[in-house]
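Visitor: Have a peek at model-v4.cif (mmCIF, C-alpha atoms).
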```cif
data_start
#
loop_
_atom_site.label_atom_id
_atom_site.label_comp_id
_atom_site.auth_asym_id
_atom_site.auth_seq_id
_atom_site.Cartn_x
_atom_site.Cartn_y
_atom_site.Cartn_z
CA MET Y 1 -38.03 -18.40 24.61
CA THR Y 2 -38.10 -21.92 26.03
CA THR Y 3 -39.87 -23.29 22.97
CA THR Y 4 -36.91 -22.51 20.70
CA ARG Y 5 -34.17 -23.71 23.02
CA SER Y 6 -33.65 -26.89 21.06
CA VAL Y 7 -31.96 -27.80 17.81
CA GLU Y 8 -33.61 -30.50 15.72
CA PHE Y 9 -30.90 -32.14 13.63
CA TYR Y 10 -31.94 -34.11 10.54
CA PHE Y 11 -29.01 -36.22 9.37
CA ASP Y 12 -27.95 -39.19 7.27
CA PHE Y 13 -24.71 -41.12 7.64
CA GLY Y 14 -24.07 -40.85 3.90
CA SER Y 15 -23.61 -37.08 4.13
CA PRO Y 16 -20.11 -35.93 5.08
CA ALA Y 17 -21.56 -32.50 5.86
CA SER Y 18 -23.88 -34.17 8.37
CA TYR Y 19 -20.86 -35.86 9.92
CA LEU Y 20 -19.13 -32.49 10.33
CA ALA Y 21 -22.28 -30.99 11.86
CA ALA Y 22 -22.47 -33.95 14.23
CA THR Y 23 -18.95 -33.18 15.45
CA GLN Y 24 -19.93 -29.58 16.29
CA LEU Y 25 -23.56 -29.55 17.40
CA PRO Y 26 -23.09 -31.31 20.76
CA HIS Y 27 -20.75 -28.60 22.06
CA LEU Y 28 -22.69 -25.82 20.33
CA CYS Y 29 -25.78 -26.99 22.22
CA ALA Y 30 -23.84 -27.46 25.45
CA ASP Y 31 -22.47 -23.89 25.13
CA THR Y 32 -25.91 -22.42 24.54
CA GLY Y 33 -27.88 -24.59 26.94
CA ALA Y 34 -29.99 -25.95 24.09
CA GLU Y 35 -31.22 -29.49 23.70
CA LEU Y 36 -29.91 -31.39 20.66
CA VAL Y 37 -32.67 -33.51 19.12
CA TRP Y 38 -31.24 -36.10 16.72
CA LYS Y 39 -33.55 -36.84 13.79
CA PRO Y 40 -32.40 -39.74 11.61
CA MET Y 41 -33.79 -39.49 8.09
CA LEU Y 42 -33.13 -41.23 4.79
CA LEU Y 43 -31.49 -38.65 2.52
CA GLY Y 44 -32.19 -40.80 -0.53
CA GLY Y 45 -35.89 -40.57 0.29
CA VAL Y 46 -35.63 -36.78 0.65
CA PHE Y 47 -33.90 -36.52 -2.73
CA GLN Y 48 -36.57 -38.70 -4.32
CA ALA Y 49 -39.38 -36.59 -2.85
CA THR Y 50 -37.88 -33.19 -3.67
CA GLY Y 51 -36.02 -33.78 -6.94
CA ASN Y 52 -32.82 -32.63 -5.28
CA GLN Y 53 -29.63 -34.62 -5.76
CA SER Y 54 -26.18 -35.07 -4.28
CA PRO Y 55 -23.65 -32.42 -5.37
CA ALA Y 56 -21.48 -35.37 -6.39
CA ALA Y 57 -23.91 -35.87 -9.29
CA ILE Y 58 -22.37 -32.81 -11.00
CA PRO Y 59 -18.86 -33.84 -12.09
CA ALA Y 60 -17.35 -30.37 -11.60
CA LYS Y 61 -19.06 -29.90 -8.24
CA GLY Y 62 -18.25 -33.17 -6.46
CA PRO Y 63 -14.50 -32.67 -5.95
CA TYR Y 64 -14.92 -29.01 -4.99
CA VAL Y 65 -17.57 -29.79 -2.42
CA PHE Y 66 -15.35 -32.36 -0.76
CA GLU Y 67 -12.40 -29.95 -0.68
CA ASP Y 68 -14.72 -27.39 0.86
CA LEU Y 69 -15.71 -29.87 3.58
CA ALA Y 70 -12.02 -30.65 4.15
CA ARG Y 71 -11.42 -26.91 4.75
CA PHE Y 72 -14.14 -26.91 7.41
CA ALA Y 73 -12.75 -30.12 8.94
CA ARG Y 74 -9.37 -28.38 9.32
CA ARG Y 75 -11.07 -25.34 10.82
CA TYR Y 76 -12.95 -27.54 13.29
CA GLY Y 77 -9.90 -29.69 13.99
CA VAL Y 78 -11.67 -32.96 13.21
CA PRO Y 79 -10.61 -35.82 10.92
CA LEU Y 80 -12.36 -36.33 7.57
CA GLN Y 81 -11.53 -38.70 4.74
CA GLN Y 82 -13.32 -39.10 1.44
CA ASN Y 83 -15.00 -42.53 1.41
CA PRO Y 84 -13.87 -44.28 -1.79
CA TYR Y 85 -16.71 -46.82 -1.67
CA PHE Y 86 -19.47 -44.36 -2.43
CA PRO Y 87 -22.34 -44.50 -3.06
CA ILE Y 88 -23.11 -46.44 0.10
CA ASN Y 89 -26.71 -47.40 0.79
CA THR Y 90 -27.51 -46.01 4.23
CA LEU Y 91 -30.96 -47.54 4.70
CA LEU Y 92 -29.85 -50.23 7.16
CA LEU Y 93 -27.58 -47.78 8.99
CA MET Y 94 -30.31 -45.16 9.40
CA ARG Y 95 -32.79 -47.79 10.52
CA GLY Y 96 -30.17 -48.81 13.08
CA ALA Y 97 -29.98 -45.23 14.34
CA THR Y 98 -33.76 -45.04 14.53
CA GLY Y 99 -33.94 -48.36 16.36
CA MET Y 100 -31.31 -47.32 18.89
CA GLN Y 101 -33.25 -44.13 19.63
CA MET Y 102 -36.40 -46.17 20.23
CA ARG Y 103 -35.00 -49.11 22.14
CA GLU Y 104 -31.60 -48.20 23.58
CA PRO Y 105 -31.36 -44.40 23.68
CA GLU Y 106 -28.46 -44.49 26.15
CA ARG Y 107 -26.28 -46.12 23.48
CA PHE Y 108 -27.57 -44.05 20.55
CA ARG Y 109 -24.65 -41.62 20.52
CA ALA Y 110 -22.10 -44.43 20.70
CA TYR Y 111 -23.75 -46.05 17.68
CA VAL Y 112 -23.84 -42.77 15.72
CA ASP Y 113 -20.21 -42.05 16.51
CA ALA Y 114 -19.14 -45.57 15.50
CA VAL Y 115 -20.94 -45.42 12.15
CA TYR Y 116 -19.71 -41.91 11.32
CA HIS Y 117 -16.18 -42.96 12.24
CA ALA Y 118 -16.34 -46.02 9.98
CA MET Y 119 -17.85 -43.92 7.18
CA TRP Y 120 -15.84 -40.68 7.19
CA VAL Y 121 -12.74 -41.22 9.30
CA GLU Y 122 -11.40 -44.71 8.67
CA PRO Y 123 -13.17 -44.97 6.01
CA ARG Y 124 -14.67 -48.41 5.31
CA ASN Y 125 -16.96 -50.00 2.73
CA LEU Y 126 -20.17 -50.17 4.72
CA ASN Y 127 -22.00 -51.66 1.76
CA ASP Y 128 -20.19 -54.89 2.60
CA PRO Y 129 -22.08 -56.82 5.34
CA ALA Y 130 -18.91 -58.35 6.81
CA THR Y 131 -17.18 -54.96 6.99
CA LEU Y 132 -20.22 -53.39 8.61
CA ALA Y 133 -20.48 -56.28 11.09
CA ALA Y 134 -16.81 -55.84 12.01
CA ALA Y 135 -17.21 -52.07 12.51
CA LEU Y 136 -20.22 -52.60 14.77
CA ALA Y 137 -18.55 -55.37 16.75
CA GLU Y 138 -15.42 -53.28 17.32
CA ALA Y 139 -17.61 -50.54 18.77
CA GLY Y 140 -19.28 -53.00 21.13
CA PHE Y 141 -22.48 -53.66 19.20
CA ASP Y 142 -23.63 -57.17 18.37
CA PRO Y 143 -24.11 -57.20 14.59
CA ALA Y 144 -26.92 -59.76 14.57
CA THR Y 145 -28.84 -57.85 17.23
CA MET Y 146 -28.37 -54.60 15.30
CA ILE Y 147 -29.64 -56.14 12.06
CA ALA Y 148 -32.68 -57.55 13.80
CA LEU Y 149 -33.35 -54.15 15.34
CA ALA Y 150 -32.99 -52.40 11.98
CA ASN Y 151 -35.45 -54.83 10.44
CA ALA Y 152 -38.17 -54.39 13.08
CA GLN Y 153 -41.33 -53.09 11.43
CA GLU Y 154 -41.85 -50.26 13.92
CA VAL Y 155 -38.29 -49.09 13.29
CA LYS Y 156 -38.75 -49.13 9.52
CA ASP Y 157 -42.02 -47.25 9.90
CA ARG Y 158 -40.49 -44.66 12.22
CA LEU Y 159 -37.63 -43.83 9.84
CA LYS Y 160 -40.06 -43.56 6.94
CA ALA Y 161 -42.36 -41.29 8.95
CA GLN Y 162 -39.48 -39.11 10.10
CA THR Y 163 -38.21 -38.74 6.53
CA GLU Y 164 -41.70 -37.75 5.37
CA GLU Y 165 -41.93 -35.30 8.26
CA ALA Y 166 -38.65 -33.73 7.15
CA VAL Y 167 -39.91 -33.29 3.59
CA ARG Y 168 -43.15 -31.77 4.87
CA ARG Y 169 -41.14 -29.26 6.88
CA GLY Y 170 -39.19 -28.20 3.78
CA VAL Y 171 -36.04 -30.30 4.11
CA PHE Y 172 -34.32 -30.98 0.78
CA GLY Y 173 -30.77 -31.89 1.89
CA ALA Y 174 -28.59 -32.83 4.82
CA PRO Y 175 -27.79 -31.76 7.39
CA THR Y 176 -30.82 -29.63 8.16
CA MET Y 177 -31.31 -27.99 11.53
CA PHE Y 178 -34.44 -26.39 12.94
CA VAL Y 179 -34.57 -23.86 15.74
CA GLY Y 180 -38.30 -23.52 16.20
CA ASP Y 181 -39.64 -22.82 12.72
CA GLN Y 182 -36.35 -21.49 11.38
CA MET Y 183 -34.67 -23.94 9.02
CA PHE Y 184 -30.92 -24.02 8.39
CA TRP Y 185 -29.36 -26.21 5.71
CA GLY Y 186 -25.72 -27.19 5.84
CA GLN Y 187 -22.91 -27.63 8.34
CA ASP Y 188 -21.79 -24.16 7.24
CA ARG Y 189 -24.81 -22.56 8.91
CA LEU Y 190 -23.97 -23.47 12.50
CA ASP Y 191 -23.19 -19.82 13.27
CA PHE Y 192 -26.74 -18.93 12.24
CA VAL Y 193 -28.06 -21.78 14.39
CA ARG Y 194 -26.13 -20.31 17.31
CA GLU Y 195 -27.58 -16.87 16.59
CA ALA Y 196 -31.09 -18.29 16.37
CA LEU Y 197 -30.60 -19.77 19.84
CA GLY Y 198 -30.02 -16.23 21.03
CA ALA Y 199 -26.49 -17.04 22.16
CA MET I 1 3.31 -14.31 -1.72
CA THR I 2 2.70 -11.47 -4.17
CA THR I 3 1.27 -13.84 -6.75
CA THR I 4 -1.71 -14.68 -4.56
CA ARG I 5 -2.52 -11.14 -3.43
CA SER I 6 -5.46 -10.87 -5.74
CA VAL I 7 -9.03 -12.17 -5.76
CA GLU I 8 -10.48 -13.16 -9.13
CA PHE I 9 -14.24 -12.79 -8.88
CA TYR I 10 -16.41 -14.62 -11.44
CA PHE I 11 -19.92 -13.21 -11.31
CA ASP I 12 -23.22 -12.91 -13.16
CA PHE I 13 -25.90 -10.29 -12.51
CA GLY I 14 -28.55 -13.00 -12.36
CA SER I 15 -27.07 -14.46 -9.18
CA PRO I 16 -28.20 -12.78 -5.94
CA ALA I 17 -25.32 -14.49 -4.16
CA SER I 18 -22.96 -12.76 -6.61
CA TYR I 19 -24.61 -9.47 -5.77
CA LEU I 20 -24.00 -10.06 -2.06
CA ALA I 21 -20.37 -10.98 -2.73
CA ALA I 22 -19.99 -7.81 -4.81
CA THR I 23 -21.14 -5.74 -1.83
CA GLN I 24 -18.42 -7.28 0.38
CA LEU I 25 -15.39 -8.01 -1.77
CA PRO I 26 -14.29 -4.41 -2.37
CA HIS I 27 -13.78 -3.72 1.33
CA LEU I 28 -12.46 -7.22 2.00
CA CYS I 29 -9.80 -6.55 -0.64
CA ALA I 30 -9.16 -3.04 0.66
CA ASP I 31 -8.71 -4.44 4.18
CA THR I 32 -6.25 -7.07 3.04
CA GLY I 33 -4.41 -5.05 0.43
CA ALA I 34 -5.47 -7.46 -2.30
CA GLU I 35 -6.46 -6.55 -5.83
CA LEU I 36 -10.06 -7.37 -6.82
CA VAL I 37 -10.20 -8.71 -10.38
CA TRP I 38 -13.76 -8.65 -11.72
CA LYS I 39 -14.47 -11.52 -14.12
CA PRO I 40 -17.85 -11.26 -15.87
CA MET I 41 -19.10 -14.66 -17.00
CA LEU I 42 -22.37 -16.04 -18.32
CA LEU I 43 -23.78 -18.31 -15.60
CA GLY I 44 -26.20 -19.89 -18.06
CA GLY I 45 -23.21 -20.97 -20.14
CA VAL I 46 -21.52 -22.41 -17.06
CA PHE I 47 -24.66 -24.37 -16.18
CA GLN I 48 -24.91 -25.67 -19.73
CA ALA I 49 -21.27 -26.78 -19.74
CA THR I 50 -21.28 -28.41 -16.31
CA GLY I 51 -24.79 -29.82 -15.98
CA ASN I 52 -25.29 -27.74 -12.84
CA GLN I 53 -28.50 -25.75 -12.38
CA SER I 54 -29.95 -22.94 -10.32
CA PRO I 55 -31.10 -23.96 -6.83
CA ALA I 56 -34.42 -22.37 -7.82
CA ALA I 57 -34.94 -25.37 -10.12
CA ILE I 58 -35.70 -27.50 -7.03
CA PRO I 59 -39.07 -26.31 -5.72
CA ALA I 60 -38.24 -26.97 -2.05
CA LYS I 61 -34.80 -25.38 -2.37
CA GLY I 62 -35.56 -22.08 -4.09
CA PRO I 63 -37.43 -20.32 -1.27
CA TYR I 64 -34.97 -21.55 1.36
CA VAL I 65 -31.97 -20.38 -0.61
CA PHE I 66 -33.44 -16.91 -0.93
CA GLU I 67 -34.23 -16.76 2.80
CA ASP I 68 -30.65 -17.84 3.45
CA LEU I 69 -29.36 -14.98 1.28
CA ALA I 70 -31.67 -12.59 3.12
CA ARG I 71 -30.08 -13.69 6.40
CA PHE I 72 -26.64 -12.85 5.01
CA ALA I 73 -27.92 -9.51 3.66
CA ARG I 74 -29.10 -8.62 7.17
CA ARG I 75 -25.74 -9.69 8.59
CA TYR I 76 -23.91 -7.54 6.03
CA GLY I 77 -26.35 -4.65 6.45
CA VAL I 78 -27.13 -4.41 2.74
CA PRO I 79 -30.50 -4.31 0.96
CA LEU I 80 -31.73 -7.37 -0.98
CA GLN I 81 -35.09 -8.00 -2.61
CA GLN I 82 -36.22 -11.08 -4.46
CA ASN I 83 -36.64 -10.16 -8.15
CA PRO I 84 -40.18 -11.24 -9.14
CA TYR I 85 -39.38 -11.15 -12.86
CA PHE I 86 -37.03 -14.11 -12.86
CA PRO I 87 -35.67 -15.77 -14.89
CA ILE I 88 -33.99 -12.75 -16.47
CA ASN I 89 -31.67 -13.32 -19.41
CA THR I 90 -28.38 -11.72 -18.44
CA LEU I 91 -26.54 -12.11 -21.75
CA LEU I 92 -26.84 -8.46 -22.76
CA LEU I 93 -26.06 -7.27 -19.24
CA MET I 94 -22.94 -9.40 -18.93
CA ARG I 95 -21.77 -8.33 -22.37
CA GLY I 96 -22.25 -4.77 -21.17
CA ALA I 97 -20.02 -5.47 -18.16
CA THR I 98 -17.39 -7.04 -20.40
CA GLY I 99 -17.54 -4.12 -22.81
CA MET I 100 -17.17 -1.57 -20.04
CA GLN I 101 -14.08 -3.38 -18.76
CA MET I 102 -12.58 -3.30 -22.25
CA ARG I 103 -13.52 0.20 -23.34
CA GLU I 104 -14.38 2.30 -20.30
CA PRO I 105 -12.82 0.63 -17.25
CA GLU I 106 -13.13 3.80 -15.15
CA ARG I 107 -16.94 3.50 -15.32
CA PHE I 108 -17.07 -0.28 -14.95
CA ARG I 109 -17.91 -0.23 -11.23
CA ALA I 110 -20.63 2.38 -11.72
CA TYR I 111 -22.21 0.14 -14.38
CA VAL I 112 -21.99 -2.97 -12.19
CA ASP I 113 -23.48 -1.15 -9.22
CA ALA I 114 -26.33 0.25 -11.35
CA VAL I 115 -27.26 -3.15 -12.79
CA TYR I 116 -27.05 -4.95 -9.45
CA HIS I 117 -29.18 -2.22 -7.88
CA ALA I 118 -31.83 -2.53 -10.58
CA MET I 119 -31.76 -6.32 -10.31
CA TRP I 120 -31.64 -7.03 -6.57
CA VAL I 121 -32.50 -3.84 -4.73
CA GLU I 122 -35.27 -2.04 -6.59
CA PRO I 123 -35.93 -4.69 -8.27
CA ARG I 124 -36.92 -4.20 -11.92
CA ASN I 125 -37.79 -6.37 -14.90
CA LEU I 126 -34.54 -6.16 -16.83
CA ASN I 127 -35.91 -8.49 -19.50
CA ASP I 128 -37.91 -5.50 -20.70
CA PRO I 129 -35.82 -3.29 -23.02
CA ALA I 130 -37.55 -0.05 -21.99
CA THR I 131 -37.07 -0.83 -18.29
CA LEU I 132 -33.43 -1.67 -18.85
CA ALA I 133 -32.92 1.51 -20.88
CA ALA I 134 -34.48 3.58 -18.09
CA ALA I 135 -32.29 1.98 -15.43
CA LEU I 136 -29.15 2.64 -17.47
CA ALA I 137 -30.14 6.22 -18.26
CA GLU I 138 -30.88 6.98 -14.60
CA ALA I 139 -27.39 5.81 -13.73
CA GLY I 140 -25.88 8.08 -16.37
CA PHE I 141 -25.33 5.56 -19.18
CA ASP I 142 -26.65 6.14 -22.67
CA PRO I 143 -28.78 3.06 -23.47
CA ALA I 144 -28.09 3.09 -27.23
CA THR I 145 -24.34 3.36 -26.67
CA MET I 146 -24.47 0.51 -24.14
CA ILE I 147 -26.41 -1.76 -26.52
CA ALA I 148 -23.96 -1.04 -29.31
CA LEU I 149 -21.09 -1.81 -26.96
CA ALA I 150 -22.71 -5.07 -25.82
CA ASN I 151 -23.16 -6.12 -29.43
CA ALA I 152 -19.56 -5.51 -30.50
CA GLN I 153 -18.03 -8.75 -31.72
CA GLU I 154 -14.88 -8.46 -29.61
CA VAL I 155 -17.06 -7.97 -26.53
CA LYS I 156 -19.20 -11.01 -27.31
CA ASP I 157 -16.04 -13.05 -27.92
CA ARG I 158 -14.43 -11.89 -24.70
CA LEU I 159 -17.41 -12.87 -22.54
CA LYS I 160 -17.58 -16.26 -24.25
CA ALA I 161 -13.85 -16.82 -23.74
CA GLN I 162 -14.01 -15.77 -20.10
CA THR I 163 -16.95 -18.10 -19.46
CA GLU I 164 -15.04 -20.98 -21.07
CA GLU I 165 -11.98 -20.08 -19.00
CA ALA I 166 -14.12 -20.26 -15.85
CA VAL I 167 -15.40 -23.72 -16.77
CA ARG I 168 -11.85 -24.89 -17.53
CA ARG I 169 -10.76 -23.73 -14.08
CA GLY I 170 -13.53 -25.75 -12.41
CA VAL I 171 -16.24 -23.12 -11.96
CA PHE I 172 -19.77 -24.59 -11.79
CA GLY I 173 -21.70 -21.78 -10.10
CA ALA I 174 -21.64 -18.14 -9.03
CA PRO I 175 -20.06 -16.37 -7.41
CA THR I 176 -16.70 -18.13 -7.61
CA MET I 177 -13.53 -16.59 -6.26
CA PHE I 178 -9.95 -17.64 -6.87
CA VAL I 179 -6.98 -16.79 -4.69
CA GLY I 180 -4.15 -18.21 -6.74
CA ASP I 181 -5.22 -21.77 -7.51
CA GLN I 182 -7.60 -22.02 -4.58
CA MET I 183 -11.24 -21.90 -5.64
CA PHE I 184 -14.08 -20.74 -3.39
CA TRP I 185 -17.72 -21.03 -4.40
CA GLY I 186 -20.37 -18.90 -2.79
CA GLN I 187 -20.75 -15.56 -1.03
CA ASP I 188 -20.69 -17.59 2.19
CA ARG I 189 -17.01 -18.42 1.69
CA LEU I 190 -15.65 -14.88 1.99
CA ASP I 191 -14.07 -15.74 5.34
CA PHE I 192 -12.09 -18.48 3.62
CA VAL I 193 -11.10 -16.02 0.89
CA ARG I 194 -9.83 -13.70 3.59
CA GLU I 195 -7.88 -16.55 5.20
CA ALA I 196 -6.40 -17.53 1.83
CA LEU I 197 -5.13 -13.97 1.46
CA GLY I 198 -3.22 -14.54 4.67
CA ALA I 199 -5.09 -11.78 6.45
#
```
Please render this file's structure as structure tokens.
Guide:
Amino acid sequence: MTTTRSVEFYFDFGSPASYLAATQLPHLCADTGAELVWKPMLLGGVFQATGNQSPAAIPAKGPYVFEDLARFARRYGVPLQQNPYFPINTLLLMRGATGMQMREPERFRAYVDAVYHAMWVEPRNLNDPATLAAALAEAGFDPATMIALANAQEVKDRLKAQTEEAVRRGVFGAPTMFVGDQMFWGQDRLDFVREALGA
Amino acid sequence: MTTTRSVEFYFDFGSPASYLAATQLPHLCADTGAELVWKPMLLGGVFQATGNQSPAAIPAKGPYVFEDLARFARRYGVPLQQNPYFPINTLLLMRGATGMQMREPERFRAYVDAVYHAMWVEPRNLNDPATLAAALAEAGFDPATMIALANAQEVKDRLKAQTEEAVRRGVFGAPTMFVGDQMFWGQDRLDFVREALGA
């Protein structure tokens, strides 16, 4: 049993469903005594490798999917706003998450929370370097240090490797959770994740 | 309140998620005192109109999506088998459903249950006319009468009109349920349907 008492959580900041999952998984794991393993990946790379695409690419689907996420946000009691600046390139942001995990793991969650807040709660145009710098600074992160971290070769390589790992394991979208070998796609499968943990 | 005490259920026999919804909606509606309004549509026509596609079109997604449906089938306690003969053209089958609604509504549910059983429980190759005829005959339907019914012009027109109506209302996949103006896509949204009924 001990081998499956963790949840591996593949996420990208550009996915509002990943944001919703990120609001729920910490207490789901706390409730069940499972370890939450954050796995930054580049969703754009996953889409490129699998041929999958954002639901927003289908005109009739995009608005529905956001309304559906808004229903879950109300159920969870968490804020969610559509980000009007989409698409936002998340490469730098995901490299930042990867770099924080490698170099400053104790501040990783604060970074994740700050970026998700700027992306799906405020929401801001994180394509704009000055806006991103301001969001980071307000959350206590030095923008220049963060950019240098995101541009470190080992950080770039790690994000690329982790995205490739996700694709190899069958990931085609975000969020994707693993409990052992069992894969669960979507923030709407957290009840199955809980069941898989035996809780 | 009375205006929203019904669930309009757009479905296609080719969708295993629609099959699962069809196993649950009758008792959900019975529990909540809502009327279940069956709305046959041609999913292929919806895909053509919206640019959406089957999840099976993405190689990494198809197997996962079926495993996900199998998890729900276990949760619901209903049988589900992958149909190895896919893709199956459902035009004749959906015309049959439409025709039964128009001409023999008292046997509509028996027809729907028979086709879903042949498609997702046994499962059979319903592309093959002899196999389809056998499945219908075993369920007490005369195959020649059913084919004549499916080929009646008013039946063809009605299915086409209902599919166009679905697209106009925002449908892009199956199953889709409406409670008043609220749209819900997927057999995994039945809890939201129940909430929308105020139950």
Visitor: Using only C-alpha atoms, find the one residue out of I:Tyr19, I:Tyr10, I:Trp185, I:Tyr111 that sits nearest to chain Y.
Guide: I:Trp185
Visitor: Near chain Y, meaning an atom within 8 Å, which residues of chain I appear when counting only C-alpha atoms? Write them as a count of residues only.
Guide: 12
Visitor: For Y:Pro79, which of Y:Thr32, Y:Thr131, Y:Gln153, Y:Thr23 is the closest residue, counting all atoms listed in the file?
Guide: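 Selected residue with least distance to Y:Pro79: Y:Thr23.
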Visitor: Report, in Å with one decimal, the straight-line distance from atom CA of I:Glu138 to atom CA of I:Asn83.
Guide: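 We find that atom CA of I:Glu138 and atom CA of I:Asn83 lie 19.2 Å from each other.
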Visitor: Hey, what's within 7 Å of Y:Gln81 if we count all atoms listed in the file and toss same-chain stuff fewer than 5 positions away? As a PDB file with C-alpha atoms, in the coordinates of the input, please?
Guide:
```
ATOM      1  CA  TRP Y 120     -15.840 -40.680   7.190  1.00  0.00           C
ATOM      2  CA  VAL Y 121     -12.740 -41.220   9.300  1.00  0.00           C
ATOM      3  CA  PRO Y 123     -13.170 -44.970   6.010  1.00  0.00           C
TER       4      PRO Y 123
END
```
Visitor: Which residues, written as a list in words, have at least one atom at most 7 Å from stretch 90-97 of chain Y, with all atoms listed in the file counted and residues fewer than 3 positions away on the same chain left out?
Guide: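 Residues meeting the cut-off are Asp12, Phe13, Gly14, Pro40, Met41, Leu42, Met100, Gln101, Phe108, Val112, Met146, Leu149, Ala150, Val155, Lys156 and Leu159 of chain Y.
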Visitor: Point out the residue among I:Lys39, I:His27, I:His117, I:Arg5 with the least atom-to-atom distance to I:Thr163, counting only C-alpha atoms.
Guide: I:Lys39
Visitor: Applied to the shown file, which residues does the PyMOL selection byres ((chain I and resi 125) around 12) return, written as a count of residues only?
Guide: 29
Visitor: Could you state the separation of atom CA of I:Glu104 and atom CA of I:Thr145 in Å, given to one decimal place?
Guide: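 Separating atom CA of I:Glu104 from atom CA of I:Thr145 is a distance of 11.9 Å.
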Visitor: Where atoms are missing, can you supply N, CA and C atoms for stretch 34-48 of chain Y and output the lot as a short mmCIF file (atom, residue, chain, number, x, y, z; two decimals), in the frame of the given file?
Guide:
```cif
data_model
loop_
_atom_site.label_atom_id
_atom_site.label_comp_id
_atom_site.auth_asym_id
_atom_site.auth_seq_id
_atom_site.Cartn_x
_atom_site.Cartn_y
_atom_site.Cartn_z
N ALA Y 34 -28.89 -25.44 24.90
CA ALA Y 34 -29.99 -25.95 24.09
C ALA Y 34 -29.97 -27.48 24.07
N GLU Y 35 -31.13 -28.03 23.83
CA GLU Y 35 -31.22 -29.49 23.70
C GLU Y 35 -30.97 -29.87 22.24
N LEU Y 36 -30.16 -30.89 22.01
CA LEU Y 36 -29.91 -31.39 20.66
C LEU Y 36 -30.83 -32.59 20.42
N VAL Y 37 -31.71 -32.46 19.44
CA VAL Y 37 -32.67 -33.51 19.12
C VAL Y 37 -32.26 -34.17 17.82
N TRP Y 38 -31.73 -35.38 17.90
CA TRP Y 38 -31.24 -36.10 16.72
C TRP Y 38 -32.41 -36.66 15.93
N LYS Y 39 -32.44 -36.41 14.64
CA LYS Y 39 -33.55 -36.84 13.79
C LYS Y 39 -33.00 -37.63 12.60
N PRO Y 40 -32.84 -38.94 12.76
CA PRO Y 40 -32.40 -39.74 11.61
C PRO Y 40 -33.41 -39.62 10.48
N MET Y 41 -32.91 -39.47 9.26
CA MET Y 41 -33.79 -39.49 8.09
C MET Y 41 -33.05 -40.17 6.95
N LEU Y 42 -33.77 -40.58 5.93
CA LEU Y 42 -33.13 -41.23 4.79
C LEU Y 42 -32.97 -40.17 3.68
N LEU Y 43 -31.73 -39.74 3.48
CA LEU Y 43 -31.49 -38.65 2.52
C LEU Y 43 -31.92 -39.05 1.12
N GLY Y 44 -31.74 -40.33 0.79
CA GLY Y 44 -32.19 -40.80 -0.53
C GLY Y 44 -33.68 -40.59 -0.72
N GLY Y 45 -34.45 -40.79 0.35
CA GLY Y 45 -35.89 -40.57 0.29
C GLY Y 45 -36.22 -39.09 0.12
N VAL Y 46 -35.44 -38.24 0.78
CA VAL Y 46 -35.63 -36.78 0.65
C VAL Y 46 -35.33 -36.36 -0.79
N PHE Y 47 -34.25 -36.87 -1.34
CA PHE Y 47 -33.90 -36.52 -2.73
C PHE Y 47 -35.01 -36.96 -3.68
N GLN Y 48 -35.51 -38.18 -3.45
CA GLN Y 48 -36.57 -38.70 -4.32
C GLN Y 48 -37.83 -37.82 -4.24
#
```
